[in-house]
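Undergrad: Can you keep this structure in mind? I'll have questions shortly.
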Amino acid sequence: MDRSSEIAAFLRSRRAGITPDRAGLPADGRTRRVPGLRRDEVARLAGVSTEYYTRLEQGRAGSPSPEVVEGLARALQLNPSEREHLTNLLIRPATTRRTPTSPQRVRPGLHLMLQTLDHVPAFVLGRRADVLASNRLAREVLTDFDALPAPRRNLARYYLLDPEARERVADWEQVAAETVAILRLEAGRHPRDRRLADLVGELTLKSPEFSTWWNDHRVLSRTHGTKSYHHPLVGDLHFSYESFQPLGDIDQTLCVYNVEPGSSTAEALQLLTSWTASKL
């Protein structure tokens with residue numbers, strides 16, 4: 001990922017989404033040739049000169065201070081994920097360290113936790129949305145990642161390239177677009193990750209929707225929310241998911257799909273558990 005072009009595109013996309021009214025700016029009578037805020041308006045709101053902001057947007061200002069980054073985030077009304085991405089772009093990439101290329105490993109305790117959580121789907125994601133480990137229900141509700149070659153076990157690749165995902169995932173378009181936003185945030189964290197660049201290239205070539213979502217520069221962190229799937233055996237399944245970063249590895253995420261006790265989804269998962277046990 002080219003840092004300068006990424007900074008420029010992200011800042012332009014964010015200021016294009018903020019109207020003067022929303023920013024609290026009075027009408028000045030000038031004709032607007034661009035959507036959203038002008039550079040001079042962002043600069044004024046952020047407390048920097050227009051010249052300096054222009055250099056920032058062009059990737060020519062070096063690494064600004066945390067105070068400048070905070071001013072920009074406030075002026076552009078960035079959410080927490082966008083603030084993190086802006087910090088990644090403007091400050092953290094000053095290092096030249098490459099993302100490690102060695103395979104990520106899930107420690108035994110997390111593997112044990114996945115088996116303990118055998119009544120709900122649970123899995124561990126690594127860099128690039130790689131599926132590092134999953135329990136039986138996760139493989140049954142989504143897809144059998146263990147049956148795939150290790151390099152192909154990737155949640156983004158599943159959502160965007162597997163035709164079955166469009167049938168299984170309710171609100172497929174929203175889920176797929178959010179997954180792209182998660183990849184975009186990771187690209188800011190690891191701009192020199194060759195395998196991530198290869199994944200983005202593959203998705204660009206093979207997914208009709210990917211480029212549109214990638215180029216809107218939306219970013220998103222995994223936290224919590226709801227997910228729904230349609231299973232061919234037991235029907236519709238509804239989950240409240242929670243995501244956690246295990247201590248000791250910020251590049252891994254434990255995802256747990258919880259269900260309401262006594263709900264139709266809980267009953268359906270019991271059926272799936274019995275069915276998968278009978279196949280062992």
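Simple scheme: letters A, B, ... for chains in structure tokens order, numbers from 1 for residues in each chain, numbers from 1 for ligands in the order shown.
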Mind checking which residues fall within 10 Å of range 198-203 of chain A, counting only C-alpha atoms, ignoring those fewer than 3 positions away in the same chain, and posting them as a list in words?
TA: Arg128, Asn154, Ala156, Arg157, Leu160, Leu161, Val180, Leu183, Arg184, Ala187, Asp193, Arg194, Arg195, Lys206, Ser207, Pro208, Glu209, Phe210, Ser211 and Trp214 of chain A
Undergrad: Could you name the residues that touch Tyr53 in chain A at 9 Å or less, counting only C-alpha atoms, but leaving out those on the same chain fewer than 4 positions away, as a PyMOL selection string?
TA: chain A and resi 39-40+42-43+46+48-49+57-58+61
Undergrad: Please produce a file of the residues just selected, as a PDB file, in the first residue's frame, where the atoms kept are N, CA and C atoms.
TA:
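Ended up saving to result-v6.pdb:
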ATOM      1  N   ARG A  39     -10.333  22.130   1.886  1.00  0.00           N
ATOM      2  CA  ARG A  39      -9.106  21.955   2.653  1.00  0.00           C
ATOM      3  C   ARG A  39      -8.929  23.053   3.690  1.00  0.00           C
ATOM      4  N   ASP A  40      -9.206  24.295   3.314  1.00  0.00           N
ATOM      5  CA  ASP A  40      -8.997  25.387   4.259  1.00  0.00           C
ATOM      6  C   ASP A  40      -9.945  25.292   5.451  1.00  0.00           C
ATOM      7  N   VAL A  42     -11.146  22.364   6.735  1.00  0.00           N
ATOM      8  CA  VAL A  42     -10.609  21.319   7.605  1.00  0.00           C
ATOM      9  C   VAL A  42      -9.428  21.863   8.402  1.00  0.00           C
ATOM     10  N   ALA A  43      -8.547  22.601   7.740  1.00  0.00           N
ATOM     11  CA  ALA A  43      -7.379  23.158   8.419  1.00  0.00           C
ATOM     12  C   ALA A  43      -7.807  24.063   9.562  1.00  0.00           C
ATOM     13  N   ALA A  46      -9.140  22.074  12.410  1.00  0.00           N
ATOM     14  CA  ALA A  46      -8.109  21.270  13.059  1.00  0.00           C
ATOM     15  C   ALA A  46      -7.047  22.114  13.755  1.00  0.00           C
ATOM     16  N   VAL A  48      -4.654  24.019  12.171  1.00  0.00           N
ATOM     17  CA  VAL A  48      -3.389  24.037  11.440  1.00  0.00           C
ATOM     18  C   VAL A  48      -3.560  24.958  10.233  1.00  0.00           C
ATOM     19  N   SER A  49      -2.451  25.296   9.607  1.00  0.00           N
ATOM     20  CA  SER A  49      -2.531  26.154   8.423  1.00  0.00           C
ATOM     21  C   SER A  49      -3.035  25.352   7.228  1.00  0.00           C
ATOM     22  N   GLU A  57      -2.340  16.132   3.363  1.00  0.00           N
ATOM     23  CA  GLU A  57      -3.228  15.383   2.469  1.00  0.00           C
ATOM     24  C   GLU A  57      -2.478  14.829   1.264  1.00  0.00           C
ATOM     25  N   GLN A  58      -1.376  15.449   0.927  1.00  0.00           N
ATOM     26  CA  GLN A  58      -0.560  14.970  -0.188  1.00  0.00           C
ATOM     27  C   GLN A  58       0.549  14.029   0.270  1.00  0.00           C
ATOM     28  N   ALA A  61       4.072  15.817   4.525  1.00  0.00           N
ATOM     29  CA  ALA A  61       4.328  16.570   5.754  1.00  0.00           C
ATOM     30  C   ALA A  61       5.070  15.761   6.804  1.00  0.00           C
TER      31      ALA A  61
END
Undergrad: For Ser264 in chain A, list every protein, DNA or RNA residue within 9 Å, evaluated using only C-alpha atoms, and leave out those in the same chain fewer than 6 positions away; present the list as a ChimeraX atom specification.
TA: /A:236-238
Undergrad: Selection from above, all heavy atoms, as a PDB file, in the first residue's frame, can you write it?
TA:
ATOM      1  N   ASP A 236     -32.887 -20.850   9.780  1.00  0.00           N
ATOM      2  CA  ASP A 236     -32.313 -19.557  10.139  1.00  0.00           C
ATOM      3  C   ASP A 236     -31.700 -19.585  11.536  1.00  0.00           C
ATOM      4  O   ASP A 236     -32.294 -20.133  12.484  1.00  0.00           O
ATOM      5  CB  ASP A 236     -33.371 -18.463  10.075  1.00  0.00           C
ATOM      6  CG  ASP A 236     -33.852 -18.211   8.653  1.00  0.00           C
ATOM      7  OD1 ASP A 236     -33.092 -18.527   7.716  1.00  0.00           O
ATOM      8  OD2 ASP A 236     -34.976 -17.714   8.484  1.00  0.00           O
ATOM      9  N   LEU A 237     -30.538 -18.960  11.655  1.00  0.00           N
ATOM     10  CA  LEU A 237     -29.804 -18.895  12.910  1.00  0.00           C
ATOM     11  C   LEU A 237     -29.440 -17.444  13.183  1.00  0.00           C
ATOM     12  O   LEU A 237     -28.940 -16.739  12.294  1.00  0.00           O
ATOM     13  CB  LEU A 237     -28.524 -19.735  12.839  1.00  0.00           C
ATOM     14  CG  LEU A 237     -28.697 -21.212  12.501  1.00  0.00           C
ATOM     15  CD1 LEU A 237     -27.343 -21.853  12.195  1.00  0.00           C
ATOM     16  CD2 LEU A 237     -29.387 -21.947  13.649  1.00  0.00           C
ATOM     17  N   HIS A 238     -29.650 -16.988  14.422  1.00  0.00           N
ATOM     18  CA  HIS A 238     -29.393 -15.597  14.789  1.00  0.00           C
ATOM     19  C   HIS A 238     -28.456 -15.557  16.003  1.00  0.00           C
ATOM     20  O   HIS A 238     -28.712 -16.219  17.015  1.00  0.00           O
ATOM     21  CB  HIS A 238     -30.708 -14.884  15.116  1.00  0.00           C
ATOM     22  CG  HIS A 238     -31.723 -14.961  14.005  1.00  0.00           C
ATOM     23  ND1 HIS A 238     -31.625 -14.222  12.853  1.00  0.00           N
ATOM     24  CD2 HIS A 238     -32.846 -15.731  13.887  1.00  0.00           C
ATOM     25  CE1 HIS A 238     -32.637 -14.509  12.060  1.00  0.00           C
ATOM     26  NE2 HIS A 238     -33.392 -15.427  12.659  1.00  0.00           N
TER      27      HIS A 238
END
Undergrad: Based on DSSP run over this structure's backbone, return all residues of range 189-250 of chain A in alpha helix (DSSP H), as a PyMOL selection string.
TA: chain A and resi 189+194-206+210-214
Undergrad: With distances taken over only C-alpha atoms, which residue among A:Ala181, A:Leu148, A:Leu114, A:Ala23 lies nearest Asp130 in chain A?
TA: A:Leu148
Undergrad: Compile the contact shell of Val106 in chain A as a compact mmCIF listing (two decimals) with N, CA, C and O atoms, in the first residue's frame: residues with an atom at most 8 Å away, counting only C-alpha atoms, same-chain residues fewer than 4 positions apart removed.
TA:
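In the end it all went to around-v2.txt:
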# COMPACT_ATOMS: atom_id res chain seq x y z
N LEU A 110 -6.08 -21.47 23.97
CA LEU A 110 -7.18 -20.99 23.12
C LEU A 110 -7.85 -22.14 22.38
O LEU A 110 -9.07 -22.15 22.19
N HIS A 111 -7.05 -23.11 21.93
CA HIS A 111 -7.65 -24.31 21.32
C HIS A 111 -8.59 -24.99 22.31
O HIS A 111 -9.70 -25.41 21.94
N VAL A 124 -10.95 -18.43 15.92
CA VAL A 124 -9.87 -17.46 16.14
C VAL A 124 -9.40 -16.95 14.79
O VAL A 124 -9.05 -17.74 13.90
N LEU A 132 -7.54 -19.14 12.00
CA LEU A 132 -6.45 -19.92 12.58
C LEU A 132 -6.94 -21.18 13.28
O LEU A 132 -6.23 -22.18 13.35
N ALA A 133 -8.16 -21.12 13.81
CA ALA A 133 -8.72 -22.28 14.52
C ALA A 133 -10.23 -22.07 14.61
O ALA A 133 -10.71 -20.93 14.64
Undergrad: Could you please write out, as a ChimeraX atom specification, every residue of range 94-193 of chain A that DSSP assigns to strand (DSSP E)?
TA: /A:122-125,131-134
Undergrad: Those residues you just picked out, can you put them in a file as a JSON list (two decimals), in the first residue's frame with C-alpha atoms?
TA:
[["chain", "number", "residue", "atom", "x", "y", "z"],
["A", 122, "ALA", "CA", -16.37, -19.90, 17.99],
["A", 123, "PHE", "CA", -13.19, -19.32, 16.03],
["A", 124, "VAL", "CA", -9.87, -17.46, 16.14],
["A", 125, "LEU", "CA", -8.92, -14.99, 13.43],
["A", 131, "VAL", "CA", -9.07, -18.46, 10.26],
["A", 132, "LEU", "CA", -6.45, -19.92, 12.58],
["A", 133, "ALA", "CA", -8.72, -22.28, 14.52],
["A", 134, "SER", "CA", -12.44, -23.07, 14.78]]
Undergrad: Which residue out of A:Gln115, A:Gly62, A:Asp2, A:Gly109 has the minimum interatomic distance to Arg192 in chain A when only C-alpha atoms are used?
TA: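 Checking each candidate against Arg192 in chain A, we get A:Asp2 as the closest.
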Undergrad: Show me, as a PyMOL selection string, the residues that have an atom within 10 Å of Ala165 in chain A when counting only C-alpha atoms, minus same-chain residues fewer than 3 positions from it.
TA: chain A and resi 142-143+157-162+168-170+172+176+229-230
Undergrad: Kindly indicate which residue among A:Arg60, A:Arg14, A:His190, A:Arg222 lies nearest to Ser81 in chain A, using only C-alpha atoms for the distances.
TA: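 Between A:Arg60, A:Arg14, A:His190, A:Arg222, the residue approaching Ser81 in chain A most closely is A:Arg222.
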Undergrad: To one decimal in Å, tell me the separation between CA of Thr273 in chain A and CA of Pro149 in chain A.
TA: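 Distance between the two atoms: 24.6 Å.
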Undergrad: I'd like to know which of A:Gly71, A:Glu82, A:Glu140, A:Ser13 is closest to Ser274 in chain A, using only C-alpha atoms.
TA: A:Glu140
Undergrad: Would you mind listing what lies within 7 Å of range 88-91 of chain A as a list in words, with only C-alpha atoms counted and same-chain residues fewer than 4 positions away left out?
TA: Arg3, Ile7, Ser63, Pro64, Glu84, Gly188 and Arg189 of chain A
